file coords-v1.cif (mmCIF, C-alpha atoms and all ligand atoms)
data_run
loop_
_atom_site.label_atom_id
_atom_site.label_comp_id
_atom_site.auth_asym_id
_atom_site.auth_seq_id
_atom_site.Cartn_x
_atom_site.Cartn_y
_atom_site.Cartn_z
CA MET L 1 -16.20 -22.05 -19.32
CA GLU L 2 -16.78 -25.56 -18.09
CA ILE L 3 -18.00 -26.27 -14.55
CA ILE L 4 -16.60 -29.58 -13.40
CA ARG L 5 -18.03 -31.44 -10.41
CA SER L 6 -16.12 -34.71 -10.42
CA VAL L 7 -12.47 -35.52 -9.70
CA GLU L 8 -12.26 -37.90 -12.66
CA TRP L 9 -13.64 -35.34 -15.08
CA MET L 10 -11.20 -32.70 -13.79
CA LYS L 11 -8.29 -35.14 -14.09
CA ASP L 12 -9.34 -35.90 -17.67
CA ALA L 13 -9.41 -32.20 -18.58
CA ALA L 14 -5.97 -31.74 -16.99
CA ARG L 15 -4.56 -34.79 -18.83
CA THR L 16 -5.89 -33.44 -22.12
CA ALA L 17 -4.26 -30.04 -21.49
CA GLU L 18 -0.98 -31.75 -20.51
CA SER L 19 -1.00 -33.89 -23.64
CA LYS L 20 -1.20 -30.69 -25.72
CA GLU L 21 1.74 -29.29 -23.70
CA ARG L 22 -0.41 -26.49 -22.38
CA LEU L 23 0.53 -24.63 -19.21
CA ILE L 24 -2.16 -25.09 -16.57
CA GLY L 25 -2.62 -22.19 -14.14
CA PHE L 26 -4.56 -22.89 -10.94
CA VAL L 27 -6.27 -20.64 -8.40
CA PRO L 28 -7.62 -22.59 -5.40
CA THR L 29 -10.47 -20.80 -3.58
CA MET L 30 -13.32 -21.42 -1.21
CA GLY L 31 -15.60 -19.22 -3.31
CA ALA L 32 -17.36 -15.99 -2.17
CA LEU L 33 -14.99 -14.39 -4.64
CA HIS L 34 -13.78 -10.81 -4.31
CA GLU L 35 -11.19 -8.64 -6.09
CA GLY L 36 -8.39 -10.41 -4.21
CA HIS L 37 -9.31 -13.73 -5.83
CA LEU L 38 -9.89 -12.06 -9.18
CA SER L 39 -6.39 -10.55 -9.08
CA LEU L 40 -5.01 -14.11 -8.75
CA VAL L 41 -7.08 -15.19 -11.74
CA ARG L 42 -5.76 -12.26 -13.78
CA ALA L 43 -2.18 -13.19 -12.83
CA ALA L 44 -2.87 -16.79 -13.89
CA LYS L 45 -4.41 -15.67 -17.19
CA GLN L 46 -1.25 -13.69 -18.00
CA GLN L 47 1.00 -16.74 -17.62
CA CYS L 48 -1.11 -19.77 -18.37
CA SER L 49 -3.72 -21.44 -20.51
CA PRO L 50 -5.95 -23.12 -19.49
CA VAL L 51 -6.78 -21.49 -16.15
CA VAL L 52 -8.57 -23.60 -13.54
CA VAL L 53 -10.26 -22.12 -10.46
CA SER L 54 -11.43 -24.46 -7.71
CA ILE L 55 -14.33 -23.54 -5.47
CA PHE L 56 -14.49 -25.85 -2.48
CA VAL L 57 -15.31 -24.92 1.11
CA ASN L 58 -12.91 -27.33 2.76
CA PRO L 59 -14.37 -28.71 6.02
CA ALA L 60 -10.96 -30.08 7.08
CA GLN L 61 -9.54 -26.61 7.65
CA PHE L 62 -12.34 -25.41 9.97
CA GLY L 63 -12.15 -26.17 13.69
CA PRO L 64 -15.13 -26.99 15.93
CA GLY L 65 -17.15 -23.82 16.55
CA GLU L 66 -15.68 -22.05 13.50
CA ASP L 67 -17.74 -20.65 10.62
CA LEU L 68 -17.96 -23.70 8.29
CA ALA L 69 -21.78 -23.79 8.24
CA GLY L 70 -22.17 -20.05 7.70
CA TYR L 71 -19.25 -19.58 5.31
CA PRO L 72 -20.57 -17.48 2.40
CA ARG L 73 -21.41 -19.60 -0.66
CA ASN L 74 -22.63 -18.31 -4.01
CA LEU L 75 -21.47 -20.59 -6.82
CA GLU L 76 -23.64 -19.00 -9.49
CA HIS L 77 -22.37 -15.47 -8.83
CA ASP L 78 -18.77 -16.71 -8.55
CA CYS L 79 -19.09 -18.47 -11.91
CA HIS L 80 -20.36 -15.28 -13.58
CA LEU L 81 -17.29 -13.40 -12.31
CA LEU L 82 -14.94 -16.14 -13.50
CA GLU L 83 -16.56 -16.47 -16.89
CA ALA L 84 -16.14 -12.72 -17.44
CA LEU L 85 -12.39 -13.13 -16.80
CA GLY L 86 -12.08 -15.92 -19.34
CA VAL L 87 -11.47 -18.78 -16.92
CA ASP L 88 -11.51 -22.14 -18.69
CA TYR L 89 -12.57 -24.53 -15.92
CA VAL L 90 -14.25 -24.12 -12.55
CA PHE L 91 -13.67 -27.20 -10.42
CA ALA L 92 -16.49 -27.25 -7.84
CA PRO L 93 -16.64 -30.71 -6.25
CA ASP L 94 -18.90 -31.53 -3.32
CA THR L 95 -17.46 -32.69 -0.01
CA ALA L 96 -17.96 -36.42 -0.69
CA GLU L 97 -16.04 -36.09 -3.95
CA ILE L 98 -12.95 -34.80 -2.13
CA TYR L 99 -13.40 -36.74 1.12
CA PRO L 100 -15.22 -39.97 0.22
CA ALA L 101 -16.28 -42.33 3.00
CA GLY L 102 -13.20 -44.00 4.44
CA PHE L 103 -10.84 -41.09 3.69
CA ARG L 104 -7.99 -41.27 6.23
CA THR L 105 -4.93 -39.37 5.03
CA SER L 106 -3.73 -35.93 6.07
CA VAL L 107 -0.62 -33.86 5.49
CA ARG L 108 1.11 -31.74 8.12
CA VAL L 109 4.08 -29.43 7.69
CA ASP L 110 5.77 -29.69 11.10
CA GLY L 111 7.15 -26.66 12.85
CA LEU L 112 5.35 -24.11 10.67
CA SER L 113 1.75 -25.22 11.18
CA GLU L 114 1.58 -24.79 14.95
CA LYS L 115 2.40 -21.11 15.28
CA PHE L 116 0.50 -17.85 14.70
CA GLU L 117 -2.70 -18.89 12.84
CA GLY L 118 -1.97 -22.54 13.63
CA ARG L 119 -1.76 -21.88 17.40
CA ILE L 120 -5.14 -20.17 17.41
CA ARG L 121 -6.69 -22.57 14.88
CA PRO L 122 -5.23 -26.02 15.71
CA GLY L 123 -5.41 -28.38 12.73
CA HIS L 124 -6.16 -25.55 10.30
CA PHE L 125 -3.01 -25.85 8.22
CA GLN L 126 -3.21 -29.64 8.22
CA GLY L 127 -6.62 -29.24 6.59
CA VAL L 128 -5.27 -26.67 4.14
CA CYS L 129 -2.26 -28.80 3.16
CA THR L 130 -4.36 -31.94 2.74
CA VAL L 131 -6.81 -30.29 0.37
CA VAL L 132 -4.17 -28.29 -1.51
CA LEU L 133 -2.11 -31.43 -2.10
CA LYS L 134 -5.21 -33.23 -3.39
CA LEU L 135 -6.13 -30.29 -5.63
CA LEU L 136 -2.58 -30.02 -7.02
CA GLU L 137 -2.64 -33.74 -7.82
CA ILE L 138 -6.03 -33.49 -9.52
CA VAL L 139 -5.45 -30.27 -11.49
CA ARG L 140 -1.68 -30.78 -12.12
CA PRO L 141 -0.92 -27.08 -12.64
CA ARG L 142 2.45 -25.64 -13.65
CA PHE L 143 1.69 -22.53 -11.56
CA ALA L 144 -0.64 -22.16 -8.57
CA TYR L 145 -1.56 -18.72 -7.29
CA PHE L 146 -1.99 -17.69 -3.65
CA GLY L 147 -2.55 -14.29 -2.04
CA ARG L 148 -0.01 -12.72 0.35
CA LYS L 149 -2.82 -11.83 2.75
CA ASP L 150 -2.61 -15.46 3.89
CA ALA L 151 1.18 -15.26 4.08
CA GLN L 152 1.62 -18.16 6.50
CA GLN L 153 -0.58 -20.38 4.32
CA ALA L 154 1.46 -19.51 1.21
CA HIS L 155 4.72 -20.19 3.08
CA ILE L 156 3.51 -23.57 4.38
CA VAL L 157 2.18 -24.62 0.96
CA ARG L 158 5.54 -23.72 -0.61
CA GLN L 159 7.32 -25.82 2.00
CA MET L 160 4.98 -28.76 1.29
CA VAL L 161 5.50 -28.45 -2.47
CA SER L 162 9.25 -28.44 -1.98
CA ASP L 163 9.28 -31.30 0.58
CA LEU L 164 7.07 -33.52 -1.59
CA ASN L 165 8.79 -32.66 -4.90
CA LEU L 166 5.55 -31.49 -6.46
CA ASP L 167 5.73 -29.96 -9.92
CA ALA L 168 3.68 -26.83 -9.28
CA GLU L 169 5.36 -23.50 -8.71
CA ILE L 170 3.66 -21.42 -6.03
CA VAL L 171 3.17 -17.79 -7.09
CA VAL L 172 2.37 -15.35 -4.27
CA CYS L 173 0.45 -12.26 -5.38
CA PRO L 174 0.04 -8.86 -3.64
CA ILE L 175 -2.70 -8.10 -1.12
CA VAL L 176 -5.72 -6.35 -2.63
CA ARG L 177 -7.24 -3.71 -0.36
CA GLU L 178 -10.47 -1.75 -0.14
CA ALA L 179 -10.19 2.04 -0.65
CA ASP L 180 -9.79 2.51 3.14
CA GLY L 181 -7.02 -0.10 3.36
CA LEU L 182 -8.95 -3.10 4.70
CA ALA L 183 -7.49 -6.25 3.12
CA MET L 184 -10.10 -8.00 1.01
CA SER L 185 -11.44 -11.19 2.58
CA SER L 186 -14.58 -13.26 2.16
CA ARG L 187 -15.03 -12.90 5.94
CA ASN L 188 -15.40 -9.10 5.65
CA ALA L 189 -19.02 -9.90 4.73
CA TYR L 190 -19.63 -10.83 8.39
CA LEU L 191 -18.90 -7.27 9.59
CA ASP L 192 -21.76 -4.89 10.38
CA GLY L 193 -21.35 -1.13 9.69
CA GLU L 194 -19.55 -0.26 12.96
CA GLN L 195 -17.36 -3.36 12.80
CA ARG L 196 -16.48 -2.63 9.19
CA ARG L 197 -15.23 0.81 10.24
CA ALA L 198 -13.33 -0.67 13.20
CA ALA L 199 -11.74 -3.32 10.96
CA THR L 200 -9.62 -0.63 9.28
CA ALA L 201 -7.61 -0.58 12.52
CA LEU L 202 -5.60 -3.54 11.19
CA TYR L 203 -4.47 -1.58 8.15
CA ARG L 204 -4.00 1.61 10.16
CA SER L 205 -1.78 -0.23 12.66
CA LEU L 206 0.41 -1.63 9.87
CA ASP L 207 0.60 1.79 8.25
CA ALA L 208 1.73 3.32 11.56
CA ALA L 209 4.42 0.60 11.78
CA ARG L 210 5.44 1.38 8.19
CA ARG L 211 5.93 5.06 9.07
CA LYS L 212 8.02 4.10 12.12
CA ILE L 213 10.24 1.88 9.95
CA GLU L 214 10.61 4.55 7.34
CA ALA L 215 11.65 6.95 10.13
CA GLY L 216 14.50 4.57 10.95
CA ALA L 217 13.12 2.10 13.56
CA ARG L 218 14.76 -1.35 13.37
CA GLY L 219 13.77 -3.00 16.65
CA ALA L 220 10.68 -5.22 16.60
CA GLY L 221 9.62 -3.85 20.01
CA GLU L 222 9.34 -0.23 18.93
CA ILE L 223 7.68 -1.21 15.63
CA LEU L 224 5.13 -3.47 17.31
CA ASP L 225 4.37 -0.73 19.89
CA GLU L 226 2.87 1.24 16.99
CA VAL L 227 0.58 -1.67 16.11
CA HIS L 228 -0.53 -2.04 19.73
CA THR L 229 -1.20 1.69 20.12
CA VAL L 230 -3.53 1.80 17.11
CA LEU L 231 -5.34 -1.45 17.91
CA ASP L 232 -5.65 -0.69 21.65
CA SER L 233 -7.40 2.57 20.77
CA GLU L 234 -10.09 0.72 18.75
CA PRO L 235 -12.60 -0.67 21.28
CA LEU L 236 -14.23 -3.07 18.80
CA ALA L 237 -10.94 -4.74 17.81
CA LYS L 238 -9.04 -7.25 19.95
CA LEU L 239 -5.52 -8.17 18.87
CA ASP L 240 -4.72 -11.91 18.78
CA TYR L 241 -1.06 -11.49 17.86
CA ALA L 242 1.39 -9.13 16.20
CA ALA L 243 4.89 -10.29 15.32
CA THR L 244 7.79 -9.64 13.00
CA VAL L 245 9.14 -12.76 11.33
CA ALA L 246 11.83 -13.59 8.78
CA ALA L 247 10.00 -14.01 5.47
CA ASP L 248 11.93 -17.15 4.51
CA SER L 249 11.45 -19.07 7.80
CA PHE L 250 8.59 -17.50 9.76
CA GLU L 251 10.95 -17.40 12.78
CA ILE L 252 10.35 -14.40 15.05
CA THR L 253 12.93 -11.70 14.49
CA HIS L 254 13.74 -9.01 17.08
CA PHE L 255 15.47 -6.71 14.62
CA LEU L 256 14.70 -6.08 10.98
CA THR L 257 17.16 -7.81 8.72
CA GLY L 258 16.74 -9.04 5.13
CA SER L 259 13.11 -9.64 4.16
CA CYS L 260 10.60 -9.72 6.99
CA LEU L 261 6.86 -9.79 7.49
CA LEU L 262 4.88 -8.03 10.15
CA LEU L 263 1.93 -10.34 10.86
CA ILE L 264 -1.21 -9.32 12.70
CA ALA L 265 -4.48 -11.05 13.56
CA ALA L 266 -7.38 -9.46 15.41
CA ARG L 267 -10.98 -10.13 16.25
CA VAL L 268 -13.61 -7.56 15.34
CA GLY L 269 -16.76 -8.76 17.06
CA SER L 270 -16.68 -12.50 16.41
CA THR L 271 -14.90 -12.13 13.05
CA ARG L 272 -11.19 -12.98 12.91
CA LEU L 273 -9.20 -10.93 10.45
CA ILE L 274 -5.55 -11.23 9.46
CA ASP L 275 -3.25 -8.87 7.62
CA ASN L 276 0.46 -8.35 7.10
CA MET L 277 3.13 -6.08 5.70
CA PHE L 278 6.20 -7.15 3.74
CA ILE L 279 9.39 -5.36 4.80
CA GLU L 280 12.35 -5.46 2.48
CA GLU L 281 15.95 -4.36 2.98
CA ARG L 282 17.65 -2.75 0.03
CA ASP L 283 21.09 -1.11 0.20
CA GLY L 284 20.83 -0.80 3.97
CA SER L 285 17.42 0.89 4.03
CA PHE L 286 14.03 -0.73 4.63
CA SER L 287 10.80 -0.22 2.71
CA ALA L 288 7.46 -1.70 3.62
CA VAL L 289 4.82 -2.97 1.24
CA LEU L 290 1.25 -3.13 2.47
O1 LIG T 1 -7.08 -19.64 0.97
C1 LIG T 1 -8.10 -20.35 0.79
O2 LIG T 1 -9.13 -19.91 0.29
C2 LIG T 1 -8.05 -21.82 1.22
O3 LIG T 1 -7.29 -21.98 2.37
C3 LIG T 1 -7.58 -22.75 0.11
C4 LIG T 1 -6.15 -22.46 -0.30
C5 LIG T 1 -8.48 -22.61 -1.10
C6 LIG T 1 -7.63 -24.20 0.59
O4 LIG T 1 -8.92 -24.57 0.93
#
call {"tool": "encode", "arguments": {"input": "coords-v1.cif", "output": "structure tokens", "more": "lines below"}}
Ligand code: PAF
result
Amino acid sequence: MEIIRSVEWMKDAARTAESKERLIGFVPTMGALHEGHLSLVRAAKQQCSPVVVSIFVNPAQFGPGEDLAGYPRNLEHDCHLLEALGVDYVFAPDTAEIYPAGFRTSVRVDGLSEKFEGRIRPGHFQGVCTVVLKLLEIVRPRFAYFGRKDAQQAHIVRQMVSDLNLDAEIVVCPIVREADGLAMSSRNAYLDGEQRRAATALYRSLDAARRKIEAGARGAGEILDEVHTVLDSEPLAKLDYAATVAADSFEITHFLTGSCLLLIAARVGSTRLIDNMFIEERDGSFSAVL
């Protein structure tokens, strides 16, 4: 496995792979890797060779007062994990390599970037889109892999790829959960013992909503009541938002129809956590995938 620090070197490696008609698979990350990331790498390995993983804590997607400085970083450990999975290249540039002095451009997907996560974290998705566009241009993958835990991010990136006629196909992979249901996230490392227990309220609230749907509920109000009941009974968790949206537009939906997502975000202590559930209609009945 090669660890690449410079944009030019990464572009060279990508050009070489392209010239041999090889299918580049790409997993963009900010490091602090967990099973969720590794599941994306495994999906990439099944479809592509070579596989490139980027590790770059992107300052542009953190707002003032957010956790940029304290974001967990452990390049050496991450590289061990990736090497064991047979990754070909780790692209780990420093900040000046991606944002050299004088950098001025940014990319915004209007209409999708201002709601839910974007309302609470203004500028976040602009930062994500800017770096993802740069990374896609540098790595030139055929497939790029994102996790469904960050469903709004995956949706916005897909929109950007389509709007800008980029070549990469965005593959969205299932959420990976701990044994007690908590969605894996690098930010789970911030939780102390009590908070870690309380954080399962997100999963438990979605699971309660799932049961309500499977019992026949179709109205967003009655489904979201289940989420509120579970989260309101957890004193350490504070709900930021819960909403049902159409999966193909992220528009709020008041009744389940077609494919939907139930999105939730909550604070446990000072840690923000997000989670979601995919709800799919088949032959008139709905099933929910956590
Ligand atoms: O999901 C993440 O880890 C980041 O938002 C990403 C896609 C690597 C861009 O910095």
call {"tool": "residues_near_point", "arguments": {"input": "coords-v1.cif", "point": "(-17.9, -11.2, 19.7)", "cutoff": "12 Å", "atoms": "all atoms listed in the file", "output": "list of chain:residue names"}}
result
L:Tyr190, L:Leu191, L:Asp192, L:Gln195, L:Pro235, L:Leu236, L:Ala237, L:Lys238, L:Ala266, L:Arg267, L:Val268, L:Gly269, L:Ser270, L:Thr271, L:Arg272
call {"tool": "residues_around", "arguments": {"input": "coords-v1.cif", "residues": "Leu40 in chain L", "least_positions_apart": "6", "cutoff": "12 Å", "atoms": "all atoms listed in the file", "output": "number ranges by chain"}}
result
L: 25-29, 33-34, 46-48, 51-53, 82, 85, 87, 143-149, 170-176
call {"tool": "write_last_selection", "arguments": {"input": "coords-v1.cif", "atoms": "C-alpha atoms", "output": "CSV table (one decimal), keeping the file's coordinate frame"}}
result
chain,number,residue,atom,x,y,z
L,25,GLY,CA,-2.6,-22.2,-14.1
L,26,PHE,CA,-4.6,-22.9,-10.9
L,27,VAL,CA,-6.3,-20.6,-8.4
L,28,PRO,CA,-7.6,-22.6,-5.4
L,29,THR,CA,-10.5,-20.8,-3.6
L,33,LEU,CA,-15.0,-14.4,-4.6
L,34,HIS,CA,-13.8,-10.8,-4.3
L,46,GLN,CA,-1.2,-13.7,-18.0
L,47,GLN,CA,1.0,-16.7,-17.6
L,48,CYS,CA,-1.1,-19.8,-18.4
L,51,VAL,CA,-6.8,-21.5,-16.2
L,52,VAL,CA,-8.6,-23.6,-13.5
L,53,VAL,CA,-10.3,-22.1,-10.5
L,82,LEU,CA,-14.9,-16.1,-13.5
L,85,LEU,CA,-12.4,-13.1,-16.8
L,87,VAL,CA,-11.5,-18.8,-16.9
L,143,PHE,CA,1.7,-22.5,-11.6
L,144,ALA,CA,-0.6,-22.2,-8.6
L,145,TYR,CA,-1.6,-18.7,-7.3
L,146,PHE,CA,-2.0,-17.7,-3.6
L,147,GLY,CA,-2.6,-14.3,-2.0
L,148,ARG,CA,0.0,-12.7,0.4
L,149,LYS,CA,-2.8,-11.8,2.8
L,170,ILE,CA,3.7,-21.4,-6.0
L,171,VAL,CA,3.2,-17.8,-7.1
L,172,VAL,CA,2.4,-15.4,-4.3
L,173,CYS,CA,0.4,-12.3,-5.4
L,174,PRO,CA,0.0,-8.9,-3.6
L,175,ILE,CA,-2.7,-8.1,-1.1
L,176,VAL,CA,-5.7,-6.4,-2.6
call {"tool": "residues_around", "arguments": {"input": "coords-v1.cif", "residues": "Leu224 in chain L", "least_positions_apart": "5", "cutoff": "10 Å", "atoms": "all atoms listed in the file", "output": "count of residues only"}}
result
13
call {"tool": "atom_distance", "arguments": {"input": "coords-v1.cif", "atom1": "CA of Gly118 in chain L", "atom2": "CA of Gln152 in chain L"}}
result
9.1 Å
call {"tool": "closest_atom_pairs", "arguments": {"input": "coords-v1.cif", "of": "chain L", "to": "ligand LIG 1 (chain T)", "cutoff": "8 Å", "atoms": "all atoms listed in the file", "output": "JSON lines"}}
result
{"residue": "L:Val27", "atom": "CA", "partner": "T:LIG1", "partner_atom": "C5", "distance": 7.9}
{"residue": "L:Pro28", "atom": "CA", "partner": "T:LIG1", "partner_atom": "C5", "distance": 4.4}
{"residue": "L:Thr29", "atom": "CA", "partner": "T:LIG1", "partner_atom": "C5", "distance": 3.7}
{"residue": "L:Met30", "atom": "CA", "partner": "T:LIG1", "partner_atom": "O2", "distance": 4.7}
{"residue": "L:Gly31", "atom": "CA", "partner": "T:LIG1", "partner_atom": "O2", "distance": 7.4}
{"residue": "L:Ser54", "atom": "CA", "partner": "T:LIG1", "partner_atom": "C5", "distance": 7.5}
{"residue": "L:Ile55", "atom": "CA", "partner": "T:LIG1", "partner_atom": "C5", "distance": 7.4}
{"residue": "L:Phe56", "atom": "CA", "partner": "T:LIG1", "partner_atom": "O4", "distance": 6.7}
{"residue": "L:Val57", "atom": "CA", "partner": "T:LIG1", "partner_atom": "O4", "distance": 6.4}
{"residue": "L:Asn58", "atom": "CA", "partner": "T:LIG1", "partner_atom": "O4", "distance": 5.2}
{"residue": "L:Gln61", "atom": "CA", "partner": "T:LIG1", "partner_atom": "O4", "distance": 7.1}
{"residue": "L:Gly127", "atom": "CA", "partner": "T:LIG1", "partner_atom": "O4", "distance": 7.7}
{"residue": "L:Val128", "atom": "CA", "partner": "T:LIG1", "partner_atom": "C6", "distance": 4.9}
{"residue": "L:Cys129", "atom": "CA", "partner": "T:LIG1", "partner_atom": "C6", "distance": 7.5}
{"residue": "L:Val131", "atom": "CA", "partner": "T:LIG1", "partner_atom": "O4", "distance": 6.1}
{"residue": "L:Val132", "atom": "CA", "partner": "T:LIG1", "partner_atom": "C6", "distance": 5.8}
{"residue": "L:Phe146", "atom": "CA", "partner": "T:LIG1", "partner_atom": "O1", "distance": 7.1}
{"residue": "L:Gly147", "atom": "CA", "partner": "T:LIG1", "partner_atom": "O1", "distance": 7.6}
{"residue": "L:Asp150", "atom": "CA", "partner": "T:LIG1", "partner_atom": "O1", "distance": 6.8}
{"residue": "L:Gln153", "atom": "CA", "partner": "T:LIG1", "partner_atom": "O3", "distance": 7.2}
call {"tool": "closest_residue", "arguments": {"input": "coords-v1.cif", "among": "L:Glu117, L:Glu21, L:Glu2, L:Asp207", "to": "Asp240 in chain L", "atoms": "only C-alpha atoms"}}
result
L:Glu117
call {"tool": "atom_distance", "arguments": {"input": "coords-v1.cif", "atom1": "CA of Glu83 in chain L", "atom2": "CA of Met1 in chain L"}}
result
6.1 Å
call {"tool": "residues_around", "arguments": {"input": "coords-v1.cif", "residues": "range 101-110 of chain L", "least_positions_apart": "2", "cutoff": "6 Å", "atoms": "all atoms listed in the file", "output": "number ranges by chain"}}
result
L: 99, 112-113, 126, 129-130
call {"tool": "closest_residue", "arguments": {"input": "coords-v1.cif", "among": "L:Ala179, L:Ala14, L:Leu81, L:Trp9", "to": "Ser39 in chain L", "atoms": "all atoms listed in the file"}}
result
L:Leu81
call {"tool": "residues_around", "arguments": {"input": "coords-v1.cif", "residues": "Ala201 in chain L", "least_positions_apart": "2", "cutoff": "7 Å", "atoms": "all atoms listed in the file", "output": "list in words"}}
result
Ala198, Ala199, Tyr203, Arg204, Ser205, Val230, Leu231 and Glu234 of chain L
call {"tool": "residues_near_point", "arguments": {"input": "coords-v1.cif", "point": "(-13.5, -16.2, 7.8)", "cutoff": "8 Å", "atoms": "only C-alpha atoms", "output": "ChimeraX atom specification"}}
result
/L:67,71,185-188,271-273
call {"tool": "closest_residue", "arguments": {"input": "coords-v1.cif", "among": "L:Glu137, L:His124, L:Tyr89, L:Ala246", "to": "Pro64 in chain L", "atoms": "only C-alpha atoms"}}
result
L:His124
call {"tool": "closest_residue", "arguments": {"input": "coords-v1.cif", "among": "L:Ala13, L:Leu164, L:Ile98, L:Leu38", "to": "Lys134 in chain L", "atoms": "all atoms listed in the file"}}
result
L:Ile98
call {"tool": "closest_residue", "arguments": {"input": "coords-v1.cif", "among": "L:Ala265, L:Ile213, L:Val90, L:Cys260", "to": "Val7 in chain L", "atoms": "all atoms listed in the file"}}
result
L:Val90
call {"tool": "atom_distance", "arguments": {"input": "coords-v1.cif", "atom1": "CA of Asp167 in chain L", "atom2": "CA of Pro59 in chain L"}}
result
25.7 Å
call {"tool": "closest_residue", "arguments": {"input": "coords-v1.cif", "among": "L:Met184, L:Ile279, L:Ala215, L:Met10", "to": "Val245 in chain L", "atoms": "all atoms listed in the file"}}
result
L:Ile279
